[in-house]
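Engineer: What follows is final-v7.tsv, TSV, N, CA and C atoms.
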chain	number	residue	atom	x	y	z
B	1	MET	N	4.74	-3.48	1.63
B	1	MET	CA	3.85	-4.62	1.50
B	1	MET	C	4.12	-5.32	0.18
B	2	SER	N	4.16	-6.61	0.20
B	2	SER	CA	4.35	-7.36	-1.04
B	2	SER	C	2.98	-7.76	-1.60
B	3	ILE	N	2.97	-8.11	-2.86
B	3	ILE	CA	1.75	-8.52	-3.53
B	3	ILE	C	1.85	-10.01	-3.82
B	4	GLN	N	0.78	-10.72	-3.58
B	4	GLN	CA	0.74	-12.14	-3.88
B	4	GLN	C	0.27	-12.34	-5.32
B	5	GLN	N	0.78	-13.38	-5.94
B	5	GLN	CA	0.45	-13.69	-7.33
B	5	GLN	C	-1.06	-13.78	-7.55
B	6	GLU	N	-1.77	-14.41	-6.63
B	6	GLU	CA	-3.21	-14.62	-6.81
B	6	GLU	C	-4.03	-13.34	-6.70
B	7	GLU	N	-3.42	-12.24	-6.24
B	7	GLU	CA	-4.11	-10.96	-6.17
B	7	GLU	C	-4.12	-10.23	-7.50
B	8	LEU	N	-3.24	-10.63	-8.41
B	8	LEU	CA	-3.05	-9.87	-9.64
B	8	LEU	C	-3.69	-10.54	-10.84
B	9	ARG	N	-4.11	-9.70	-11.77
B	9	ARG	CA	-4.61	-10.17	-13.05
B	9	ARG	C	-4.22	-9.15	-14.11
B	10	ARG	N	-4.35	-9.53	-15.34
B	10	ARG	CA	-4.03	-8.65	-16.47
B	10	ARG	C	-4.78	-7.33	-16.32
B	11	GLY	N	-4.08	-6.23	-16.51
B	11	GLY	CA	-4.69	-4.90	-16.43
B	11	GLY	C	-4.49	-4.20	-15.11
B	12	ASN	N	-4.07	-4.93	-14.06
B	12	ASN	CA	-3.82	-4.29	-12.76
B	12	ASN	C	-2.64	-3.34	-12.86
B	13	TYR	N	-2.71	-2.26	-12.09
B	13	TYR	CA	-1.59	-1.33	-11.97
B	13	TYR	C	-0.87	-1.59	-10.66
B	14	ILE	N	0.45	-1.71	-10.74
B	14	ILE	CA	1.28	-1.86	-9.54
B	14	ILE	C	2.51	-0.98	-9.72
B	15	SER	N	3.32	-0.92	-8.68
B	15	SER	CA	4.56	-0.15	-8.74
B	15	SER	C	5.75	-1.09	-8.68
B	16	LEU	N	6.73	-0.86	-9.54
B	16	LEU	CA	7.96	-1.65	-9.53
B	16	LEU	C	9.12	-0.76	-9.13
B	17	THR	N	9.99	-1.29	-8.28
B	17	THR	CA	11.16	-0.57	-7.83
B	17	THR	C	11.95	-0.03	-9.01
B	18	ASP	N	12.36	1.21	-8.94
B	18	ASP	CA	13.18	1.89	-9.96
B	18	ASP	C	12.45	2.12	-11.28
B	19	ILE	N	11.18	1.72	-11.39
B	19	ILE	CA	10.44	1.92	-12.63
B	19	ILE	C	9.21	2.79	-12.40
B	20	GLY	N	8.48	2.51	-11.34
B	20	GLY	CA	7.23	3.22	-11.07
B	20	GLY	C	6.03	2.42	-11.50
B	21	LYS	N	4.94	3.12	-11.83
B	21	LYS	CA	3.68	2.47	-12.16
B	21	LYS	C	3.77	1.73	-13.49
B	22	VAL	N	3.29	0.48	-13.48
B	22	VAL	CA	3.22	-0.33	-14.69
B	22	VAL	C	1.88	-1.04	-14.72
B	23	GLU	N	1.50	-1.49	-15.91
B	23	GLU	CA	0.30	-2.30	-16.09
B	23	GLU	C	0.70	-3.75	-16.27
B	24	VAL	N	0.08	-4.63	-15.52
B	24	VAL	CA	0.38	-6.06	-15.58
B	24	VAL	C	-0.22	-6.65	-16.86
B	25	LEU	N	0.62	-7.38	-17.62
B	25	LEU	CA	0.15	-8.06	-18.82
B	25	LEU	C	-0.10	-9.54	-18.58
B	26	GLY	N	0.61	-10.12	-17.62
B	26	GLY	CA	0.45	-11.53	-17.31
B	26	GLY	C	1.16	-11.86	-16.02
B	27	VAL	N	0.75	-12.94	-15.38
B	27	VAL	CA	1.31	-13.32	-14.08
B	27	VAL	C	1.79	-14.76	-14.13
B	28	LEU	N	3.03	-14.96	-13.72
B	28	LEU	CA	3.61	-16.28	-13.56
B	28	LEU	C	3.77	-16.53	-12.07
B	29	PRO	N	4.17	-17.72	-11.63
B	29	PRO	CA	4.25	-17.98	-10.19
B	29	PRO	C	5.07	-16.97	-9.38
B	30	ASP	N	6.17	-16.45	-9.91
B	30	ASP	CA	6.94	-15.48	-9.13
B	30	ASP	C	7.39	-14.28	-9.97
B	31	LYS	N	6.80	-14.12	-11.14
B	31	LYS	CA	7.18	-13.02	-12.02
B	31	LYS	C	5.94	-12.46	-12.70
B	32	ILE	N	6.07	-11.25	-13.22
B	32	ILE	CA	5.00	-10.66	-14.01
B	32	ILE	C	5.54	-10.16	-15.33
B	33	TYR	N	4.69	-10.16	-16.33
B	33	TYR	CA	4.95	-9.42	-17.56
B	33	TYR	C	4.27	-8.09	-17.38
B	34	TYR	N	4.89	-7.02	-17.84
B	34	TYR	CA	4.27	-5.71	-17.67
B	34	TYR	C	4.56	-4.82	-18.87
B	35	THR	N	3.76	-3.78	-19.00
B	35	THR	CA	3.97	-2.74	-19.99
B	35	THR	C	4.60	-1.56	-19.29
B	36	PRO	N	5.73	-1.10	-19.75
B	36	PRO	CA	6.35	0.07	-19.11
B	36	PRO	C	5.53	1.32	-19.37
B	37	SER	N	5.84	2.39	-18.63
B	37	SER	CA	5.11	3.64	-18.79
B	37	SER	C	5.23	4.14	-20.23
B	38	LYS	N	4.33	5.01	-20.61
B	38	LYS	CA	4.23	5.48	-21.99
B	38	LYS	C	5.49	6.20	-22.46
B	39	ASP	N	6.26	6.79	-21.55
B	39	ASP	CA	7.43	7.55	-21.97
B	39	ASP	C	8.62	6.65	-22.30
B	40	ARG	N	8.52	5.37	-22.07
B	40	ARG	CA	9.60	4.44	-22.41
B	40	ARG	C	9.33	3.82	-23.77
B	41	ARG	N	10.37	3.55	-24.51
B	41	ARG	CA	10.20	2.93	-25.83
B	41	ARG	C	10.61	1.47	-25.78
B	42	LEU	N	10.14	0.79	-24.78
B	42	LEU	CA	10.47	-0.60	-24.58
B	42	LEU	C	9.19	-1.42	-24.69
B	43	HIS	N	9.36	-2.71	-24.86
B	43	HIS	CA	8.19	-3.57	-24.98
B	43	HIS	C	7.97	-4.34	-23.69
B	44	ASP	N	7.33	-5.46	-23.77
B	44	ASP	CA	6.96	-6.23	-22.58
B	44	ASP	C	8.19	-6.75	-21.85
B	45	PHE	N	8.12	-6.77	-20.54
B	45	PHE	CA	9.24	-7.20	-19.70
B	45	PHE	C	8.79	-8.23	-18.69
B	46	LEU	N	9.73	-8.98	-18.21
B	46	LEU	CA	9.51	-9.94	-17.15
B	46	LEU	C	10.20	-9.40	-15.91
B	47	TYR	N	9.52	-9.40	-14.78
B	47	TYR	CA	10.07	-8.78	-13.58
B	47	TYR	C	9.73	-9.65	-12.38
B	48	SER	N	10.62	-9.72	-11.42
B	48	SER	CA	10.38	-10.51	-10.21
B	48	SER	C	9.27	-9.87	-9.38
B	49	LEU	N	8.23	-10.61	-9.12
B	49	LEU	CA	7.08	-10.10	-8.38
B	49	LEU	C	7.39	-9.87	-6.92
B	50	TYR	N	8.09	-10.77	-6.30
B	50	TYR	CA	8.25	-10.71	-4.84
B	50	TYR	C	9.31	-9.73	-4.38
B	51	VAL	N	10.31	-9.48	-5.17
B	51	VAL	CA	11.40	-8.61	-4.75
B	51	VAL	C	11.10	-7.16	-5.07
B	52	TYR	N	10.47	-6.89	-6.19
B	52	TYR	CA	10.40	-5.53	-6.69
B	52	TYR	C	9.01	-4.92	-6.79
B	53	ALA	N	7.96	-5.68	-6.62
B	53	ALA	CA	6.60	-5.17	-6.82
B	53	ALA	C	5.97	-4.73	-5.51
B	54	SER	N	5.23	-3.63	-5.58
B	54	SER	CA	4.48	-3.17	-4.42
B	54	SER	C	3.16	-2.58	-4.89
B	55	PRO	N	2.15	-2.61	-4.03
B	55	PRO	CA	0.85	-2.07	-4.41
B	55	PRO	C	0.89	-0.54	-4.46
B	56	ILE	N	-0.04	0.04	-5.18
B	56	ILE	CA	-0.18	1.49	-5.25
B	56	ILE	C	-1.36	1.88	-4.37
B	57	GLU	N	-1.13	2.76	-3.41
B	57	GLU	CA	-2.20	3.20	-2.52
B	57	GLU	C	-3.19	4.09	-3.28
B	58	ILE	N	-4.46	3.92	-2.97
B	58	ILE	CA	-5.50	4.73	-3.60
B	58	ILE	C	-5.44	6.15	-3.04
B	59	THR	N	-5.50	7.11	-3.94
B	59	THR	CA	-5.57	8.52	-3.57
B	59	THR	C	-6.73	9.16	-4.32
B	60	GLU	N	-7.09	10.36	-3.93
B	60	GLU	CA	-8.15	11.07	-4.63
B	60	GLU	C	-7.76	11.30	-6.09
B	61	THR	N	-6.51	11.64	-6.33
B	61	THR	CA	-6.03	11.86	-7.69
B	61	THR	C	-6.25	10.63	-8.56
B	62	ILE	N	-5.93	9.46	-8.03
B	62	ILE	CA	-6.12	8.21	-8.78
B	62	ILE	C	-7.59	7.97	-9.05
B	63	LEU	N	-8.45	8.18	-8.05
B	63	LEU	CA	-9.88	7.97	-8.28
B	63	LEU	C	-10.42	8.90	-9.35
B	64	LEU	N	-9.97	10.13	-9.36
B	64	LEU	CA	-10.41	11.08	-10.39
B	64	LEU	C	-9.92	10.65	-11.77
B	65	ARG	N	-8.70	10.12	-11.86
B	65	ARG	CA	-8.18	9.62	-13.14
B	65	ARG	C	-8.96	8.41	-13.63
B	66	PHE	N	-9.53	7.64	-12.72
B	66	PHE	CA	-10.36	6.50	-13.09
B	66	PHE	C	-11.79	6.92	-13.44
B	67	GLY	N	-12.08	8.20	-13.37
B	67	GLY	CA	-13.40	8.68	-13.76
B	67	GLY	C	-14.40	8.82	-12.63
B	68	PHE	N	-13.97	8.65	-11.38
B	68	PHE	CA	-14.87	8.85	-10.25
B	68	PHE	C	-15.03	10.34	-9.99
B	69	ARG	N	-16.20	10.71	-9.49
B	69	ARG	CA	-16.46	12.08	-9.07
B	69	ARG	C	-16.70	12.08	-7.57
B	70	LYS	N	-16.30	13.15	-6.93
B	70	LYS	CA	-16.43	13.24	-5.47
B	70	LYS	C	-17.70	13.99	-5.11
B	71	ASN	N	-18.46	13.42	-4.18
B	71	ASN	CA	-19.63	14.07	-3.63
B	71	ASN	C	-19.36	14.27	-2.14
B	72	GLU	N	-19.03	15.49	-1.77
B	72	GLU	CA	-18.64	15.76	-0.38
B	72	GLU	C	-19.82	15.73	0.58
B	73	VAL	N	-21.04	15.98	0.09
B	73	VAL	CA	-22.22	15.95	0.95
B	73	VAL	C	-22.43	14.56	1.53
B	74	PHE	N	-22.32	13.54	0.66
B	74	PHE	CA	-22.57	12.17	1.09
B	74	PHE	C	-21.29	11.38	1.37
B	75	GLU	N	-20.14	12.03	1.27
B	75	GLU	CA	-18.84	11.38	1.46
B	75	GLU	C	-18.70	10.13	0.59
B	76	ILE	N	-18.89	10.32	-0.72
B	76	ILE	CA	-18.74	9.21	-1.66
B	76	ILE	C	-17.96	9.67	-2.88
B	77	TYR	N	-17.36	8.68	-3.56
B	77	TYR	CA	-16.85	8.83	-4.91
B	77	TYR	C	-17.73	7.93	-5.76
B	78	HIS	N	-18.10	8.37	-6.95
B	78	HIS	CA	-18.99	7.55	-7.76
B	78	HIS	C	-18.71	7.76	-9.25
B	79	ASN	N	-19.07	6.76	-10.02
B	79	ASN	CA	-19.16	6.88	-11.47
B	79	ASN	C	-20.51	6.31	-11.86
B	80	GLU	N	-20.74	6.07	-13.13
B	80	GLU	CA	-22.07	5.61	-13.54
B	80	GLU	C	-22.41	4.20	-13.05
B	81	LEU	N	-21.41	3.40	-12.66
B	81	LEU	CA	-21.66	2.02	-12.26
B	81	LEU	C	-21.35	1.68	-10.81
B	82	PHE	N	-20.66	2.54	-10.11
B	82	PHE	CA	-20.02	2.12	-8.87
B	82	PHE	C	-19.95	3.28	-7.88
B	83	THR	N	-20.13	2.99	-6.61
B	83	THR	CA	-20.03	4.01	-5.57
B	83	THR	C	-19.11	3.53	-4.46
B	84	LEU	N	-18.17	4.38	-4.08
B	84	LEU	CA	-17.25	4.11	-2.98
B	84	LEU	C	-17.53	5.10	-1.86
B	85	TRP	N	-17.38	4.69	-0.62
B	85	TRP	CA	-17.48	5.63	0.49
B	85	TRP	C	-16.09	6.09	0.89
B	86	TYR	N	-16.02	7.23	1.50
B	86	TYR	CA	-14.76	7.66	2.11
B	86	TYR	C	-15.07	8.32	3.44
B	87	HIS	N	-14.16	8.16	4.35
B	87	HIS	CA	-14.28	8.79	5.65
B	87	HIS	C	-12.86	9.04	6.15
B	88	GLY	N	-12.51	10.29	6.28
B	88	GLY	CA	-11.14	10.63	6.64
B	88	GLY	C	-10.21	10.19	5.53
B	89	ASN	N	-9.25	9.35	5.84
B	89	ASN	CA	-8.32	8.87	4.82
B	89	ASN	C	-8.62	7.43	4.40
B	90	LYS	N	-9.81	6.95	4.70
B	90	LYS	CA	-10.19	5.58	4.33
B	90	LYS	C	-11.21	5.61	3.20
B	91	ILE	N	-11.07	4.65	2.28
B	91	ILE	CA	-11.97	4.50	1.14
B	91	ILE	C	-12.43	3.05	1.12
B	92	GLY	N	-13.69	2.82	0.76
B	92	GLY	CA	-14.15	1.44	0.74
B	92	GLY	C	-15.40	1.24	-0.07
B	93	TYR	N	-15.82	-0.01	-0.11
B	93	TYR	CA	-17.03	-0.42	-0.79
B	93	TYR	C	-17.86	-1.21	0.21
B	94	GLN	N	-19.08	-0.78	0.45
B	94	GLN	CA	-19.95	-1.36	1.46
B	94	GLN	C	-19.21	-1.43	2.79
B	95	ASN	N	-18.99	-2.63	3.35
B	95	ASN	CA	-18.32	-2.73	4.65
B	95	ASN	C	-16.84	-3.04	4.55
B	96	THR	N	-16.26	-2.91	3.37
B	96	THR	CA	-14.88	-3.31	3.16
B	96	THR	C	-14.01	-2.12	2.77
B	97	GLU	N	-12.95	-1.90	3.53
B	97	GLU	CA	-11.99	-0.86	3.19
B	97	GLU	C	-11.11	-1.34	2.03
B	98	ILE	N	-10.82	-0.46	1.11
B	98	ILE	CA	-9.97	-0.77	-0.03
B	98	ILE	C	-8.77	0.15	0.04
B	99	LYS	N	-7.57	-0.43	0.09
B	99	LYS	CA	-6.36	0.38	0.24
B	99	LYS	C	-5.58	0.56	-1.05
B	100	TYR	N	-5.66	-0.41	-1.95
B	100	TYR	CA	-4.76	-0.42	-3.09
B	100	TYR	C	-5.50	-0.45	-4.42
B	101	VAL	N	-4.86	0.12	-5.43
B	101	VAL	CA	-5.45	0.24	-6.76
B	101	VAL	C	-5.82	-1.13	-7.33
B	102	HIS	N	-4.93	-2.12	-7.22
B	102	HIS	CA	-5.26	-3.43	-7.80
B	102	HIS	C	-6.47	-4.06	-7.12
B	103	GLN	N	-6.67	-3.80	-5.83
B	103	GLN	CA	-7.85	-4.32	-5.14
B	103	GLN	C	-9.12	-3.68	-5.70
B	104	LEU	N	-9.07	-2.37	-5.90
B	104	LEU	CA	-10.22	-1.66	-6.48
B	104	LEU	C	-10.50	-2.15	-7.89
B	105	GLN	N	-9.45	-2.32	-8.70
B	105	GLN	CA	-9.63	-2.80	-10.07
B	105	GLN	C	-10.29	-4.18	-10.08
B	106	ASN	N	-9.83	-5.07	-9.21
B	106	ASN	CA	-10.37	-6.43	-9.18
B	106	ASN	C	-11.83	-6.44	-8.71
B	107	LEU	N	-12.14	-5.68	-7.67
B	107	LEU	CA	-13.51	-5.61	-7.17
B	107	LEU	C	-14.44	-5.00	-8.21
B	108	TYR	N	-14.01	-3.92	-8.81
B	108	TYR	CA	-14.81	-3.25	-9.83
B	108	TYR	C	-15.13	-4.21	-10.98
B	109	PHE	N	-14.11	-4.92	-11.45
B	109	PHE	CA	-14.32	-5.87	-12.55
B	109	PHE	C	-15.26	-7.01	-12.12
B	110	ALA	N	-15.07	-7.52	-10.91
B	110	ALA	CA	-15.90	-8.62	-10.43
B	110	ALA	C	-17.37	-8.22	-10.34
B	111	LEU	N	-17.65	-6.98	-9.96
B	111	LEU	CA	-19.02	-6.54	-9.76
B	111	LEU	C	-19.68	-5.94	-11.01
B	112	THR	N	-18.89	-5.38	-11.91
B	112	THR	CA	-19.47	-4.70	-13.07
B	112	THR	C	-19.17	-5.40	-14.39
B	113	GLY	N	-18.11	-6.23	-14.41
B	113	GLY	CA	-17.69	-6.85	-15.65
B	113	GLY	C	-16.94	-5.89	-16.58
B	114	LYS	N	-16.58	-4.73	-16.06
B	114	LYS	CA	-15.87	-3.72	-16.85
B	114	LYS	C	-14.54	-3.38	-16.18
B	115	GLU	N	-13.59	-2.95	-16.99
B	115	GLU	CA	-12.28	-2.54	-16.48
B	115	GLU	C	-12.30	-1.08	-16.07
B	116	LEU	N	-11.56	-0.77	-15.02
B	116	LEU	CA	-11.31	0.63	-14.68
B	116	LEU	C	-10.15	1.11	-15.53
B	117	ILE	N	-10.33	2.19	-16.22
B	117	ILE	CA	-9.32	2.71	-17.12
B	117	ILE	C	-8.71	3.98	-16.54
B	118	ASP	N	-7.40	4.03	-16.48
B	118	ASP	CA	-6.68	5.23	-16.03
B	118	ASP	C	-6.69	6.22	-17.19
B	119	ASN	N	-7.36	7.33	-17.01
B	119	ASN	CA	-7.50	8.32	-18.08
B	119	ASN	C	-6.32	9.26	-18.18
B	120	ASN	N	-5.21	8.93	-17.56
B	120	ASN	CA	-4.01	9.76	-17.62
B	120	ASN	C	-3.06	9.25	-18.66
Please express the file's structure as structure tokens.
Structural biologist:
Amino acid sequence: MSIQQEELRRGNYISLTDIGKVEVLGVLPDKIYYTPSKDRRLHDFLYSLYVYASPIEITETILLRFGFRKNEVFEIYHNELFTLWYHGNKIGYQNTEIKYVHQLQNLYFALTGKELIDNN
């Protein structure tokens, strides 16, 4: 799946071919600026959005790194500001399924005014 420019904003996490997970620093019409992973000693880069970028699927591991806790009785993940439901392999907010990390980051920011921080 490709990512559209209008879906991304500064701070979103996406995956780039041959690089892996990166944090978006800025978005241009067909390119992004990003911060490479912590183990690289490089600075900001420009990368083609349409050819090399893909969304990161939400997993339990990712939710835990974002500070969510799992409540198996009620089938929810929650933190102090936000609650997500899960059922089987689907995760969502109210009536909307959320598949990708950048979607969760954008929704969380829109509703709480706070950024989701990867604690890894």
Engineer: Which one is closest to B:Leu16: B:Tyr77, B:Tyr52, B:Tyr93, B:Trp85? Count all atoms listed in the file.
Structural biologist: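 Using all atoms listed in the file, the shortest distance to B:Leu16 belongs to B:Tyr52.
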Engineer: Taking the DSSP secondary structure from the backbone, can you list the residues of stretch 6-117 of chain B that are strand (DSSP E or B), as a PyMOL selection string?
Structural biologist: chain B and resi 13-16+20-27+31-35+45-48+53-54+57+69-71+76-78+83-87+90-93+96-97+100
Engineer: Store the residues picked out above in a file with N, CA and C atoms, as a compact mmCIF listing (two decimals), in the frame of the given file.
Structural biologist:
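Once everything was written out, this is result_1.txt:
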# COMPACT_ATOMS: atom_id res chain seq x y z
N TYR B 13 -2.71 -2.26 -12.09
CA TYR B 13 -1.59 -1.33 -11.97
C TYR B 13 -0.87 -1.59 -10.66
N ILE B 14 0.45 -1.71 -10.74
CA ILE B 14 1.28 -1.86 -9.54
C ILE B 14 2.51 -0.98 -9.72
N SER B 15 3.32 -0.92 -8.68
CA SER B 15 4.56 -0.15 -8.74
C SER B 15 5.75 -1.09 -8.68
N LEU B 16 6.73 -0.86 -9.54
CA LEU B 16 7.96 -1.65 -9.53
C LEU B 16 9.12 -0.76 -9.13
N GLY B 20 8.48 2.51 -11.34
CA GLY B 20 7.23 3.22 -11.07
C GLY B 20 6.03 2.42 -11.50
N LYS B 21 4.94 3.12 -11.83
CA LYS B 21 3.68 2.47 -12.16
C LYS B 21 3.77 1.73 -13.49
N VAL B 22 3.29 0.48 -13.48
CA VAL B 22 3.22 -0.33 -14.69
C VAL B 22 1.88 -1.04 -14.72
N GLU B 23 1.50 -1.49 -15.91
CA GLU B 23 0.30 -2.30 -16.09
C GLU B 23 0.70 -3.75 -16.27
N VAL B 24 0.08 -4.63 -15.52
CA VAL B 24 0.38 -6.06 -15.58
C VAL B 24 -0.22 -6.65 -16.86
N LEU B 25 0.62 -7.38 -17.62
CA LEU B 25 0.15 -8.06 -18.82
C LEU B 25 -0.10 -9.54 -18.58
N GLY B 26 0.61 -10.12 -17.62
CA GLY B 26 0.45 -11.53 -17.31
C GLY B 26 1.16 -11.86 -16.02
N VAL B 27 0.75 -12.94 -15.38
CA VAL B 27 1.31 -13.32 -14.08
C VAL B 27 1.79 -14.76 -14.13
N LYS B 31 6.80 -14.12 -11.14
CA LYS B 31 7.18 -13.02 -12.02
C LYS B 31 5.94 -12.46 -12.70
N ILE B 32 6.07 -11.25 -13.22
CA ILE B 32 5.00 -10.66 -14.01
C ILE B 32 5.54 -10.16 -15.33
N TYR B 33 4.69 -10.16 -16.33
CA TYR B 33 4.95 -9.42 -17.56
C TYR B 33 4.27 -8.09 -17.38
N TYR B 34 4.89 -7.02 -17.84
CA TYR B 34 4.27 -5.71 -17.67
C TYR B 34 4.56 -4.82 -18.87
N THR B 35 3.76 -3.78 -19.00
CA THR B 35 3.97 -2.74 -19.99
C THR B 35 4.60 -1.56 -19.29
N PHE B 45 8.12 -6.77 -20.54
CA PHE B 45 9.24 -7.20 -19.70
C PHE B 45 8.79 -8.23 -18.69
N LEU B 46 9.73 -8.98 -18.21
CA LEU B 46 9.51 -9.94 -17.15
C LEU B 46 10.20 -9.40 -15.91
N TYR B 47 9.52 -9.40 -14.78
CA TYR B 47 10.07 -8.78 -13.58
C TYR B 47 9.73 -9.65 -12.38
N SER B 48 10.62 -9.72 -11.42
CA SER B 48 10.38 -10.51 -10.21
C SER B 48 9.27 -9.87 -9.38
N ALA B 53 7.96 -5.68 -6.62
CA ALA B 53 6.60 -5.17 -6.82
C ALA B 53 5.97 -4.73 -5.51
N SER B 54 5.23 -3.63 -5.58
CA SER B 54 4.48 -3.17 -4.42
C SER B 54 3.16 -2.58 -4.89
N GLU B 57 -1.13 2.76 -3.41
CA GLU B 57 -2.20 3.20 -2.52
C GLU B 57 -3.19 4.09 -3.28
N ARG B 69 -16.20 10.71 -9.49
CA ARG B 69 -16.46 12.08 -9.07
C ARG B 69 -16.70 12.08 -7.57
N LYS B 70 -16.30 13.15 -6.93
CA LYS B 70 -16.43 13.24 -5.47
C LYS B 70 -17.70 13.99 -5.11
N ASN B 71 -18.46 13.42 -4.18
CA ASN B 71 -19.63 14.07 -3.63
C ASN B 71 -19.36 14.27 -2.14
N ILE B 76 -18.89 10.32 -0.72
CA ILE B 76 -18.74 9.21 -1.66
C ILE B 76 -17.96 9.67 -2.88
N TYR B 77 -17.36 8.68 -3.56
CA TYR B 77 -16.85 8.83 -4.91
C TYR B 77 -17.73 7.93 -5.76
N HIS B 78 -18.10 8.37 -6.95
CA HIS B 78 -18.99 7.55 -7.76
C HIS B 78 -18.71 7.76 -9.25
N THR B 83 -20.13 2.99 -6.61
CA THR B 83 -20.03 4.01 -5.57
C THR B 83 -19.11 3.53 -4.46
N LEU B 84 -18.17 4.38 -4.08
CA LEU B 84 -17.25 4.11 -2.98
C LEU B 84 -17.53 5.10 -1.86
N TRP B 85 -17.38 4.69 -0.62
CA TRP B 85 -17.48 5.63 0.49
C TRP B 85 -16.09 6.09 0.89
N TYR B 86 -16.02 7.23 1.50
CA TYR B 86 -14.76 7.66 2.11
C TYR B 86 -15.07 8.32 3.44
N HIS B 87 -14.16 8.16 4.35
CA HIS B 87 -14.28 8.79 5.65
C HIS B 87 -12.86 9.04 6.15
N LYS B 90 -9.81 6.95 4.70
CA LYS B 90 -10.19 5.58 4.33
C LYS B 90 -11.21 5.61 3.20
N ILE B 91 -11.07 4.65 2.28
CA ILE B 91 -11.97 4.50 1.14
C ILE B 91 -12.43 3.05 1.12
N GLY B 92 -13.69 2.82 0.76
CA GLY B 92 -14.15 1.44 0.74
C GLY B 92 -15.40 1.24 -0.07
N TYR B 93 -15.82 -0.01 -0.11
CA TYR B 93 -17.03 -0.42 -0.79
C TYR B 93 -17.86 -1.21 0.21
N THR B 96 -16.26 -2.91 3.37
CA THR B 96 -14.88 -3.31 3.16
C THR B 96 -14.01 -2.12 2.77
N GLU B 97 -12.95 -1.90 3.53
CA GLU B 97 -11.99 -0.86 3.19
C GLU B 97 -11.11 -1.34 2.03
N TYR B 100 -5.66 -0.41 -1.95
CA TYR B 100 -4.76 -0.42 -3.09
C TYR B 100 -5.50 -0.45 -4.42
Engineer: What does the distance from atom CA of B:Tyr86 to atom CA of B:Lys114 come to in Å, to one decimal?
Structural biologist: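 Going from atom CA of B:Tyr86 over to atom CA of B:Lys114 covers 22.1 Å.
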Engineer: Give me the residues within 7 Å of B:Gln5 as a list in words, counting only N, CA and C atoms and dropping any in the same chain fewer than 6 places off.
Structural biologist: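 Everything that qualifies: Val27, Leu28, Pro29 and Asp30 of chain B.
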Engineer: Which value, in Å to one decimal, gives the distance between atom C of B:Thr17 and atom C of B:Thr59?
Structural biologist: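 Answer for the atom C of B:Thr17 to atom C of B:Thr59 separation: 21.3 Å.
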Engineer: For B:Arg69, work out the shell of residues within 8 Å, counting all atoms listed in the file and skipping chain neighbours fewer than 4 positions away, then give it as a PDB file with N, CA and C atoms, in the frame of the given file.
Structural biologist:
ATOM      1  N   LEU B  63      -8.450   8.180  -8.050  1.00  0.00           N
ATOM      2  CA  LEU B  63      -9.880   7.970  -8.280  1.00  0.00           C
ATOM      3  C   LEU B  63     -10.420   8.900  -9.350  1.00  0.00           C
ATOM      4  N   LEU B  64      -9.970  10.130  -9.360  1.00  0.00           N
ATOM      5  CA  LEU B  64     -10.410  11.080 -10.390  1.00  0.00           C
ATOM      6  C   LEU B  64      -9.920  10.650 -11.770  1.00  0.00           C
ATOM      7  N   ARG B  65      -8.700  10.120 -11.860  1.00  0.00           N
ATOM      8  CA  ARG B  65      -8.180   9.620 -13.140  1.00  0.00           C
ATOM      9  C   ARG B  65      -8.960   8.410 -13.630  1.00  0.00           C
ATOM     10  N   ILE B  76     -18.890  10.320  -0.720  1.00  0.00           N
ATOM     11  CA  ILE B  76     -18.740   9.210  -1.660  1.00  0.00           C
ATOM     12  C   ILE B  76     -17.960   9.670  -2.880  1.00  0.00           C
ATOM     13  N   TYR B  77     -17.360   8.680  -3.560  1.00  0.00           N
ATOM     14  CA  TYR B  77     -16.850   8.830  -4.910  1.00  0.00           C
ATOM     15  C   TYR B  77     -17.730   7.930  -5.760  1.00  0.00           C
ATOM     16  N   HIS B  78     -18.100   8.370  -6.950  1.00  0.00           N
ATOM     17  CA  HIS B  78     -18.990   7.550  -7.760  1.00  0.00           C
ATOM     18  C   HIS B  78     -18.710   7.760  -9.250  1.00  0.00           C
ATOM     19  N   ASN B  79     -19.070   6.760 -10.020  1.00  0.00           N
ATOM     20  CA  ASN B  79     -19.160   6.880 -11.470  1.00  0.00           C
ATOM     21  C   ASN B  79     -20.510   6.310 -11.860  1.00  0.00           C
ATOM     22  N   GLU B  80     -20.740   6.070 -13.130  1.00  0.00           N
ATOM     23  CA  GLU B  80     -22.070   5.610 -13.540  1.00  0.00           C
ATOM     24  C   GLU B  80     -22.410   4.200 -13.050  1.00  0.00           C
TER      25      GLU B  80
END
Engineer: How many Å separate atom N of B:Asn71 from atom CA of B:Ile58?
Structural biologist: 15.6 Å
Engineer: Would you pick out the contacts of B:Arg9 at 8 Å or less, using only N, CA and C atoms, so that residues sharing its chain but fewer than 6 positions from it are not included, and give the list as a PyMOL selection string?
Structural biologist: chain B and resi 23-27+102+106
Engineer: B:Asn120: which residues within 12 Å, counting only C-alpha atoms, same-chain residues fewer than 5 positions away excluded, as a ChimeraX atom specification?
Structural biologist: /B:21,37-38,61-67
Engineer: I'd like to know which residues of stretch 43-112 of chain B are helix (DSSP H, G or I) (by DSSP, run on the backbone); could you write them as a list in words?
Structural biologist: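 Of stretch 43-112 of chain B, the ones in helix (DSSP H, G or I) are Leu49, Tyr50, Val51, Tyr52, Glu60, Thr61, Ile62, Leu63, Leu64, Arg65, Val101, His102, Gln103, Leu104, Gln105, Asn106, Leu107, Tyr108, Phe109, Ala110, Leu111 and Thr112 of chain B.
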Engineer: Pick out the closest residue to B:Val22 from this set: B:Ile56, B:Ile91, B:Leu111, B:Ile98. Count only C-alpha atoms.
Structural biologist: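 Looking only at the distances to B:Val22, the closest residue turns out to be B:Ile56.
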Engineer: Given 6 Å on each side, where is the centre and what are the edge lengths in Å to one decimal of the axis-aligned box enclosing the listed atoms of stretch 79-82 of chain B, as AutoDock Vina command-line options?
Structural biologist:
--center_x -20.7 --center_y 4.3 --center_z -10.7 --size_x 15.3 --size_y 17.2 --size_z 17.7
